[in-house]
>>> print(open('run23.cif').read())   # mmCIF, C-alpha atoms
data_protein
loop_
_atom_site.label_atom_id
_atom_site.label_comp_id
_atom_site.auth_asym_id
_atom_site.auth_seq_id
_atom_site.Cartn_x
_atom_site.Cartn_y
_atom_site.Cartn_z
CA MET A 1 0.00 0.00 0.00
CA THR A 2 1.36 3.42 -0.95
CA ILE A 3 1.73 5.76 2.00
CA ALA A 4 0.96 9.44 1.50
CA PRO A 5 3.96 11.73 2.08
CA GLU A 6 1.99 13.69 4.69
CA LEU A 7 1.26 10.52 6.67
CA SER A 8 4.86 9.36 6.43
CA ALA A 9 6.11 12.73 7.69
CA GLN A 10 3.62 12.65 10.57
CA ILE A 11 4.74 9.16 11.62
CA LEU A 12 8.39 10.23 11.60
CA ARG A 13 7.66 13.36 13.62
CA LEU A 14 5.59 11.58 16.26
CA TYR A 15 8.17 8.82 16.68
CA ASP A 16 11.41 10.77 16.47
CA VAL A 17 10.37 14.10 18.02
CA GLU A 18 7.38 13.38 20.25
CA LYS A 19 8.77 9.95 21.27
CA TRP A 20 5.48 8.11 20.73
CA ARG A 21 5.54 4.35 20.65
CA VAL A 22 4.72 2.40 17.54
CA GLY A 23 1.43 1.13 18.96
CA THR A 24 0.35 4.62 19.99
CA ILE A 25 1.11 6.00 16.52
CA ALA A 26 -0.79 3.15 14.88
CA ARG A 27 -3.89 3.69 17.07
CA GLN A 28 -3.97 7.46 16.81
CA LEU A 29 -3.39 7.58 13.06
CA HIS A 30 -5.60 4.55 12.36
CA VAL A 31 -2.90 2.62 10.50
CA HIS A 32 -1.45 -0.84 10.95
CA ARG A 33 1.61 -1.34 13.12
CA ASP A 34 3.44 -2.84 10.15
CA THR A 35 2.87 0.43 8.26
CA VAL A 36 4.54 2.39 11.06
CA HIS A 37 7.46 -0.08 11.17
CA ARG A 38 7.87 0.13 7.40
CA VAL A 39 8.01 3.94 7.39
CA LEU A 40 10.56 3.97 10.20
CA ALA A 41 12.69 1.29 8.55
CA GLN A 42 12.67 3.08 5.18
CA ASN A 43 14.00 6.20 6.91
CA GLY A 44 16.70 4.39 8.89
CA LEU A 45 15.07 4.66 12.30
CA PRO A 46 15.41 1.53 14.50
CA THR A 47 12.35 0.44 16.46
CA PRO A 48 12.57 -1.09 19.94
CA LEU A 49 10.57 -4.11 18.90
CA SER A 50 10.73 -5.61 15.45
CA PRO A 51 7.41 -6.52 13.87
CA LEU A 52 6.21 -10.03 14.41
CA PRO A 53 7.17 -12.53 11.71
CA LEU A 54 4.53 -12.86 9.06
CA ARG A 55 2.39 -15.93 9.10
CA PRO A 56 2.31 -18.17 6.03
CA SER A 57 0.16 -16.60 3.35
CA ARG A 58 -1.75 -18.00 0.41
CA ILE A 59 0.24 -15.73 -1.86
CA ASP A 60 3.61 -17.27 -0.93
CA ALA A 61 3.36 -20.00 -3.57
CA TYR A 62 2.59 -17.40 -6.26
CA ARG A 63 5.19 -14.84 -5.21
CA PRO A 64 7.89 -15.95 -7.73
CA PHE A 65 5.34 -15.82 -10.57
CA ILE A 66 4.13 -12.38 -9.47
CA LEU A 67 7.65 -10.98 -9.18
CA GLU A 68 8.63 -12.36 -12.58
CA THR A 69 5.50 -10.90 -14.19
CA LEU A 70 5.99 -7.49 -12.56
CA THR A 71 9.63 -7.43 -13.65
CA LYS A 72 8.55 -7.83 -17.28
CA PHE A 73 5.46 -5.62 -16.99
CA PRO A 74 5.98 -3.22 -14.04
CA GLU A 75 2.82 -1.21 -14.81
CA LEU A 76 0.48 -4.21 -14.93
CA SER A 77 -2.53 -3.53 -12.70
CA ALA A 78 -3.20 -5.49 -9.52
CA ALA A 79 -6.64 -6.44 -10.88
CA ARG A 80 -5.06 -8.09 -13.93
CA LEU A 81 -2.53 -9.89 -11.74
CA PHE A 82 -5.32 -11.08 -9.47
CA GLY A 83 -7.10 -12.59 -12.47
CA MET A 84 -3.90 -14.35 -13.58
CA VAL A 85 -3.13 -15.92 -10.20
CA SER A 86 -6.81 -16.85 -9.70
CA GLU A 87 -6.66 -18.85 -12.92
CA ARG A 88 -3.62 -20.58 -11.43
CA GLY A 89 -5.40 -21.58 -8.22
CA TYR A 90 -5.12 -18.57 -5.87
CA ARG A 91 -8.17 -18.36 -3.58
CA GLY A 92 -7.51 -15.18 -1.57
CA SER A 93 -9.63 -12.03 -1.65
CA GLY A 94 -9.02 -9.37 -4.26
CA GLU A 95 -8.77 -6.51 -1.75
CA HIS A 96 -6.13 -8.28 0.33
CA PHE A 97 -4.26 -9.23 -2.86
CA ARG A 98 -4.09 -5.58 -3.98
CA HIS A 99 -2.71 -4.62 -0.57
CA LEU A 100 0.03 -7.23 -0.87
CA ILE A 101 0.91 -6.26 -4.45
CA ALA A 102 1.42 -2.63 -3.38
CA GLY A 103 4.17 -3.79 -1.04
CA ILE A 104 6.08 -6.01 -3.50
CA ARG A 105 5.65 -4.08 -6.75
CA PRO A 106 9.12 -2.97 -7.99
CA ARG A 107 9.65 0.76 -7.93
CA ALA A 108 11.22 2.62 -10.82
CA PRO A 109 14.60 4.08 -9.89
CA ALA A 110 14.44 7.78 -9.17
CA GLU A 111 16.12 10.04 -11.71
CA ALA A 112 19.10 11.85 -10.26
CA TYR A 113 19.61 15.54 -10.86
CA LEU A 114 22.80 17.50 -10.35
CA ARG A 115 22.10 20.39 -8.03
CA LEU A 116 22.98 23.57 -9.87
CA ARG A 117 25.12 26.02 -7.92
CA THR A 118 25.92 29.51 -9.10
CA LEU A 119 28.21 32.26 -7.87
CA PRO A 120 26.85 35.56 -6.49
CA GLY A 121 25.80 37.86 -9.30
CA GLU A 122 26.27 35.13 -11.90
CA GLN A 123 22.72 34.23 -12.90
CA ALA A 124 19.08 35.35 -12.74
CA GLN A 125 15.87 33.70 -13.96
CA VAL A 126 12.95 35.49 -15.61
CA ASP A 127 9.36 34.42 -16.28
CA TRP A 128 5.84 35.72 -16.73
CA GLY A 129 3.04 34.64 -14.38
CA HIS A 130 -0.67 34.90 -15.21
CA PHE A 131 -3.04 35.84 -12.38
CA GLY A 132 -6.39 35.93 -14.10
CA HIS A 133 -8.10 39.10 -15.33
CA LEU A 134 -9.18 42.50 -13.96
CA GLN A 135 -12.30 44.38 -14.98
CA ILE A 136 -11.36 48.01 -15.55
CA GLY A 137 -14.43 49.89 -16.67
CA ARG A 138 -15.69 48.03 -19.68
CA ALA A 139 -12.31 46.51 -20.44
CA ARG A 140 -11.19 43.09 -19.22
CA ARG A 141 -7.42 43.17 -18.80
CA PRO A 142 -5.04 40.28 -18.02
CA LEU A 143 -3.09 40.56 -14.77
CA MET A 144 0.48 39.53 -15.53
CA ALA A 145 3.38 39.29 -13.10
CA PHE A 146 6.95 39.83 -14.21
CA VAL A 147 9.25 37.78 -11.96
CA MET A 148 13.04 37.81 -11.72
CA VAL A 149 14.84 35.55 -9.24
CA LEU A 150 18.53 35.65 -8.38
CA SER A 151 19.84 32.08 -8.61
CA TYR A 152 22.38 32.43 -5.79
CA SER A 153 20.38 34.23 -3.08
CA ARG A 154 16.85 33.36 -4.29
CA ARG A 155 15.95 37.01 -3.93
CA ILE A 156 12.76 37.78 -5.86
CA PHE A 157 11.60 40.84 -7.73
CA LEU A 158 7.92 40.95 -8.78
CA ARG A 159 6.08 43.60 -10.73
CA PHE A 160 2.47 43.43 -11.96
CA PHE A 161 1.42 44.60 -15.43
CA LEU A 162 -1.88 44.71 -17.28
CA ASP A 163 -0.35 43.14 -20.39
CA ALA A 164 2.60 41.01 -21.52
CA ARG A 165 3.90 43.32 -24.23
CA MET A 166 7.58 43.64 -24.99
CA ASP A 167 7.85 47.12 -23.52
CA SER A 168 6.42 45.86 -20.23
CA PHE A 169 8.78 42.87 -20.35
CA LEU A 170 11.84 45.10 -20.75
CA ARG A 171 10.56 47.58 -18.19
CA GLY A 172 10.34 44.74 -15.68
CA HIS A 173 14.01 43.99 -16.32
CA VAL A 174 15.06 47.58 -15.74
CA GLU A 175 13.13 47.87 -12.48
CA ALA A 176 14.54 44.53 -11.30
CA PHE A 177 18.10 45.65 -12.09
CA CYS A 178 17.50 48.84 -10.11
CA ALA A 179 16.03 46.89 -7.18
CA PHE A 180 18.97 44.47 -7.16
CA ASP A 181 21.46 47.30 -7.75
CA GLY A 182 23.13 45.27 -10.47
CA VAL A 183 22.77 42.96 -13.48
CA GLY A 184 23.44 39.21 -13.52
CA ARG A 185 25.97 37.99 -16.04
CA VAL A 186 23.45 35.43 -17.39
CA VAL A 187 19.64 35.67 -17.47
CA LEU A 188 17.67 32.47 -18.07
CA TYR A 189 14.36 32.52 -19.95
CA ASP A 190 11.66 29.87 -20.09
CA ASN A 191 11.41 29.84 -23.92
CA LEU A 192 9.06 32.83 -23.77
CA LYS A 193 7.99 34.43 -27.03
CA SER A 194 9.27 37.69 -25.56
CA ALA A 195 12.72 36.07 -25.53
CA VAL A 196 12.78 33.18 -28.04
CA LEU A 197 10.88 33.53 -31.32
CA GLU A 198 11.86 30.09 -32.65
CA ARG A 199 13.75 27.07 -31.44
CA HIS A 200 14.73 23.97 -33.41
CA GLY A 201 16.95 21.83 -31.22
CA ASP A 202 20.08 23.85 -30.51
CA ALA A 203 19.18 26.41 -33.16
CA ILE A 204 17.65 29.48 -31.49
CA ARG A 205 16.30 32.73 -32.92
CA PHE A 206 16.11 35.34 -30.19
CA ASN A 207 13.76 38.28 -30.16
CA PRO A 208 15.82 41.11 -31.70
CA ALA A 209 14.51 43.63 -29.14
CA LEU A 210 15.74 41.43 -26.30
CA LEU A 211 19.15 40.97 -27.95
CA GLU A 212 19.51 44.74 -28.29
CA PHE A 213 18.43 45.19 -24.68
CA ALA A 214 20.87 42.50 -23.44
CA ALA A 215 23.70 44.10 -25.42
CA HIS A 216 22.97 47.45 -23.78
CA TYR A 217 23.11 45.96 -20.27
CA ARG A 218 25.96 43.58 -21.13
CA TYR A 219 24.40 40.31 -20.02
CA GLU A 220 23.96 36.96 -21.79
CA PRO A 221 20.35 35.90 -22.52
CA ARG A 222 20.06 32.14 -22.31
CA PRO A 223 16.92 29.95 -22.80
CA VAL A 224 16.54 26.90 -20.59
CA ALA A 225 16.69 23.45 -22.16
CA VAL A 226 13.39 22.12 -23.53
CA ALA A 227 11.73 18.98 -22.15
CA ARG A 228 13.45 19.30 -18.78
CA GLY A 229 11.01 19.65 -15.91
CA ASN A 230 13.71 20.73 -13.48
CA GLU A 231 14.55 23.63 -15.81
CA LYS A 232 10.88 24.46 -16.57
CA GLY A 233 11.26 23.70 -20.25
CA ARG A 234 8.33 22.93 -22.52
CA VAL A 235 8.28 20.26 -25.19
CA ARG A 236 7.95 21.36 -28.81
CA ALA A 237 7.65 18.87 -31.66
CA HIS A 238 9.39 19.65 -34.97
CA ARG A 239 8.88 16.64 -37.21
CA ALA A 240 10.21 18.36 -40.33
CA CYS A 241 13.35 19.43 -38.47
CA ASP A 242 13.87 15.89 -37.18
CA ARG A 243 13.48 14.42 -40.67
CA LEU A 244 15.87 17.02 -42.04
CA ALA A 245 18.47 16.26 -39.36
CA GLN A 246 18.31 12.54 -40.14
CA ALA A 247 18.70 13.08 -43.89
CA ALA A 248 21.38 15.79 -43.64
CA PRO A 249 22.97 16.08 -40.18
CA ALA A 250 24.84 19.23 -41.22
CA SER A 251 21.48 21.04 -41.35
CA ALA A 252 21.53 21.32 -37.55
CA GLU A 253 24.67 23.47 -37.69
CA LEU A 254 23.22 25.56 -40.52
CA LEU A 255 20.05 26.24 -38.50
CA LYS A 256 22.12 27.10 -35.44
CA ARG A 257 24.18 29.67 -37.33
CA ALA A 258 21.07 31.05 -39.02
CA GLY A 259 19.40 31.49 -35.65
CA GLU A 260 22.40 33.38 -34.33
CA ARG A 261 22.02 35.82 -37.24
CA GLY A 262 18.31 36.31 -36.64
CA HIS A 263 17.00 34.43 -39.69
CA ASN A 264 13.55 32.82 -39.64
CA LEU A 265 14.17 29.18 -38.78
CA GLY A 266 10.76 27.97 -39.94
CA THR A 267 11.25 29.47 -43.40
CA ILE A 268 14.73 27.99 -43.67
CA THR A 269 13.51 24.56 -42.58
CA SER A 270 10.73 24.61 -45.19
CA ALA A 271 13.18 25.65 -47.91
CA LEU A 272 15.65 22.91 -46.98
CA MET A 273 12.85 20.35 -46.96
CA ARG A 274 11.92 21.35 -50.53
CA LEU A 275 15.56 20.97 -51.58
CA LEU A 276 15.66 17.58 -49.87
CA GLU A 277 12.60 16.37 -51.78
CA ARG A 278 13.96 17.69 -55.09
CA TYR A 279 17.66 16.75 -54.91
CA GLY A 280 17.74 13.95 -52.31
CA ALA A 281 19.70 13.47 -49.09
CA LYS A 282 22.90 12.31 -50.81
CA ALA A 283 23.29 15.62 -52.64
CA LEU A 284 21.95 17.86 -49.86
CA GLN A 285 24.54 17.00 -47.20
CA PRO A 286 27.66 18.13 -49.16
CA ALA A 287 25.78 21.21 -50.40
CA ILE A 288 25.11 22.28 -46.82
CA HIS A 289 28.77 21.70 -45.97
CA GLU A 290 29.75 23.99 -48.84
CA ALA A 291 27.35 26.71 -47.66
CA LEU A 292 28.78 26.48 -44.14
CA ALA A 293 32.33 26.64 -45.48
CA ARG A 294 31.40 29.87 -47.27
CA ASP A 295 29.83 31.10 -43.99
CA VAL A 296 26.45 31.65 -45.66
CA PRO A 297 23.90 29.71 -43.57
CA HIS A 298 20.99 30.23 -45.95
CA PRO A 299 18.97 27.94 -48.27
CA ASN A 300 19.94 30.05 -51.30
CA ALA A 301 23.60 29.16 -50.76
CA VAL A 302 22.65 25.50 -50.47
CA ARG A 303 20.59 25.68 -53.66
CA LEU A 304 23.48 27.27 -55.58
CA ALA A 305 25.84 24.54 -54.35
CA LEU A 306 23.36 21.89 -55.49
CA GLU A 307 23.07 23.51 -58.91
CA ARG A 308 26.86 23.70 -59.32
CA ALA A 309 27.20 20.03 -58.41
CA ARG A 310 24.44 19.10 -60.88
CA GLU A 311 26.00 21.09 -63.73
CA ALA A 312 29.41 19.53 -63.03
CA THR A 313 27.95 16.05 -63.55
CA GLY A 314 25.90 17.08 -66.60
CA LYS A 315 22.60 15.89 -65.12
CA PRO A 316 19.31 17.54 -66.17
CA PRO A 317 17.58 19.85 -63.67
CA PRO A 318 15.39 17.95 -61.22
CA VAL A 319 11.67 18.38 -61.71
CA ALA A 320 9.39 18.78 -58.71
CA LEU A 321 6.73 16.12 -58.90
CA VAL A 322 3.36 17.55 -57.90
CA LEU A 323 0.77 14.80 -57.60
CA PRO A 324 -3.00 15.31 -57.55
CA GLU A 325 -4.57 14.96 -54.17
CA HIS A 326 -6.31 11.67 -54.98
CA VAL A 327 -2.99 10.20 -56.16
CA ALA A 328 -1.05 11.48 -53.16
CA ARG A 329 -3.58 9.80 -50.88
CA ARG A 330 -2.60 6.42 -52.31
CA ASN A 331 0.74 6.69 -50.50
CA ALA A 332 -0.93 7.43 -47.18
CA PRO A 333 -0.48 4.75 -44.50
CA VAL A 334 -3.39 2.32 -44.37
CA ARG A 335 -4.77 1.35 -41.00
CA ALA A 336 -5.01 -2.42 -40.67
CA HIS A 337 -8.55 -3.66 -40.22
CA GLU A 338 -9.40 -5.70 -37.16
CA LEU A 339 -9.41 -9.37 -38.25
CA ALA A 340 -11.96 -10.37 -35.63
CA SER A 341 -14.64 -8.47 -37.56
CA TYR A 342 -14.20 -10.87 -40.49
CA ASP A 343 -14.75 -13.81 -38.15
CA ARG A 344 -17.96 -12.22 -36.89
CA LEU A 345 -19.11 -11.62 -40.47
CA GLU A 346 -18.34 -15.21 -41.46
CA ASN A 347 -20.28 -16.57 -38.48
CA THR A 348 -23.24 -14.37 -39.34
CA ASP A 349 -23.28 -15.58 -42.93
CA GLY A 350 -23.03 -19.18 -41.77
CA ASN A 351 -26.04 -18.78 -39.46
CA GLU A 352 -28.12 -17.44 -42.29
#
>>> encode(input="run23.cif", output="structure tokens")
Amino acid sequence: MTIAPELSAQILRLYDVEKWRVGTIARQLHVHRDTVHRVLAQNGLPTPLSPLPLRPSRIDAYRPFILETLTKFPELSAARLFGMVSERGYRGSGEHFRHLIAGIRPRAPAEAYLRLRTLPGEQAQVDWGHFGHLQIGRARRPLMAFVMVLSYSRRIFLRFFLDARMDSFLRGHVEAFCAFDGVGRVVLYDNLKSAVLERHGDAIRFNPALLEFAAHYRYEPRPVAVARGNEKGRVRAHRACDRLAQAAPASAELLKRAGERGHNLGTITSALMRLLERYGAKALQPAIHEALARDVPHPNAVRLALERAREATGKPPPVALVLPEHVARRNAPVRAHELASYDRLENTDGNE
């Protein structure tokens, strides 16, 4: 049985601080003595009396089978397990079985995180917070909170605005810098549109206004990593970018350099995808390398490199194949039909 964190903390406090006995804790909190012993043992606290040895149980003969099944399928429900062992001769109650399974189900190992430490004045973190809306006359305005936190001291600056425009965003920075009497060397952003216009993997296109602002105050704007809960990142799917990276790995470096120069990453990705479909992956990869060598991270440079390579080999220009919609649908993946429906149809025809 899973024990709530609040109950576990209460058991530890009553035993270790208030010096209650195990039986007293069990009676007052309406839990079994074994539950109290288990919480204390898991937290390294010895008890004066060990719990009594468990009596033989009906589940003992099925324990190896249960453990083997849970090792292969750790998320299998207790109800499904109960049905499996019942078919194999188990005659215990379902409720008691679920209680036992909760105690022997293998737990997934906890993911370890490296605690980030920063020096004083090294880093700050910025985010917007939404606090509903305010009715001002006939207008309904959003109540937004600009928040900046110093990573070393955890000192917080908060300023409310009635919008999330860029001028309010930058004004929040200025007032925070004045309140802190300084500027952090690095400011982290949670992939906000006010900070990051586009992101494709490591390729980032910052908001030009923020870059100009950061250059004025001499700090480094840095977005947190995506898909990392401990860094507050959000997941974004870019299927075209993933397909492009698999076909031409050098495209990741081209997008990264393009983002640093403020180019539109979505437009570049679409253009590279059209070149991929027209010329193929084998020709696209060296063309991107040539564009990078010329320090021109742009699809036009890639297209020119592809054309030069084509002319050198004497091949005719590739023709984009535009198929009608009804023809293109023929290449769409077909969902397999459930075979059991054919059996039902055959049985119906046989009965008639």
>>> resolve_selection(input="run23.cif", expression="the PyMOL selection byres ((chain A and resi 40) around 12)", output="PyMOL selection string")
chain A and resi 7-16+21-22+25+33-39+41-51
>>> resolve_selection(input="run23.cif", expression="the PyMOL selection byres ((chain A and resi 102) around 12)", output="list in words")
Met1, Thr2, Ile3, Ile66, Leu67, Leu70, Pro74, Glu75, Leu76, Ser77, Ala78, Ala79, Leu81, Glu95, His96, Phe97, Arg98, His99, Leu100, Ile101, Gly103, Ile104, Arg105, Pro106 and Arg107 of chain A
>>> residues_around(input="run23.cif", residues="segment 274-277 of chain A", least_positions_apart="6", cutoff="10 Å", atoms="all atoms listed in the file", output="count of residues only")
15
>>> residues_around(input="run23.cif", residues="Arg91 of chain A", least_positions_apart="4", cutoff="10 Å", atoms="all atoms listed in the file", output="PyMOL selection string")
chain A and resi 58-59+82+85-87+97
>>> resolve_selection(input="run23.cif", expression="the PyMOL selection byres ((chain A and resi 253) around 10)", output="PyMOL selection string")
chain A and resi 202-203+245+249-252+254-259+288-289+292+297
>>> atom_distance(input="run23.cif", atom1="atom CA of Ser270 of chain A", atom2="atom CA of Val296 of chain A")
17.2 Å
>>> atom_distance(input="run23.cif", atom1="atom CA of Ala305 of chain A", atom2="atom CA of Pro286 of chain A")
8.4 Å
>>> closest_residue(input="run23.cif", among="A:Glu260, A:Val126, A:Glu307, A:Phe146", to="Val224 of chain A", atoms="all atoms listed in the file")
A:Val126
>>> closest_residue(input="run23.cif", among="A:Ala195, A:Val31, A:Ala312, A:Ala139", to="Leu170 of chain A", atoms="all atoms listed in the file")
A:Ala195
>>> atom_distance(input="run23.cif", atom1="atom CA of Ala124 of chain A", atom2="atom CA of Leu188 of chain A")
6.2 Å
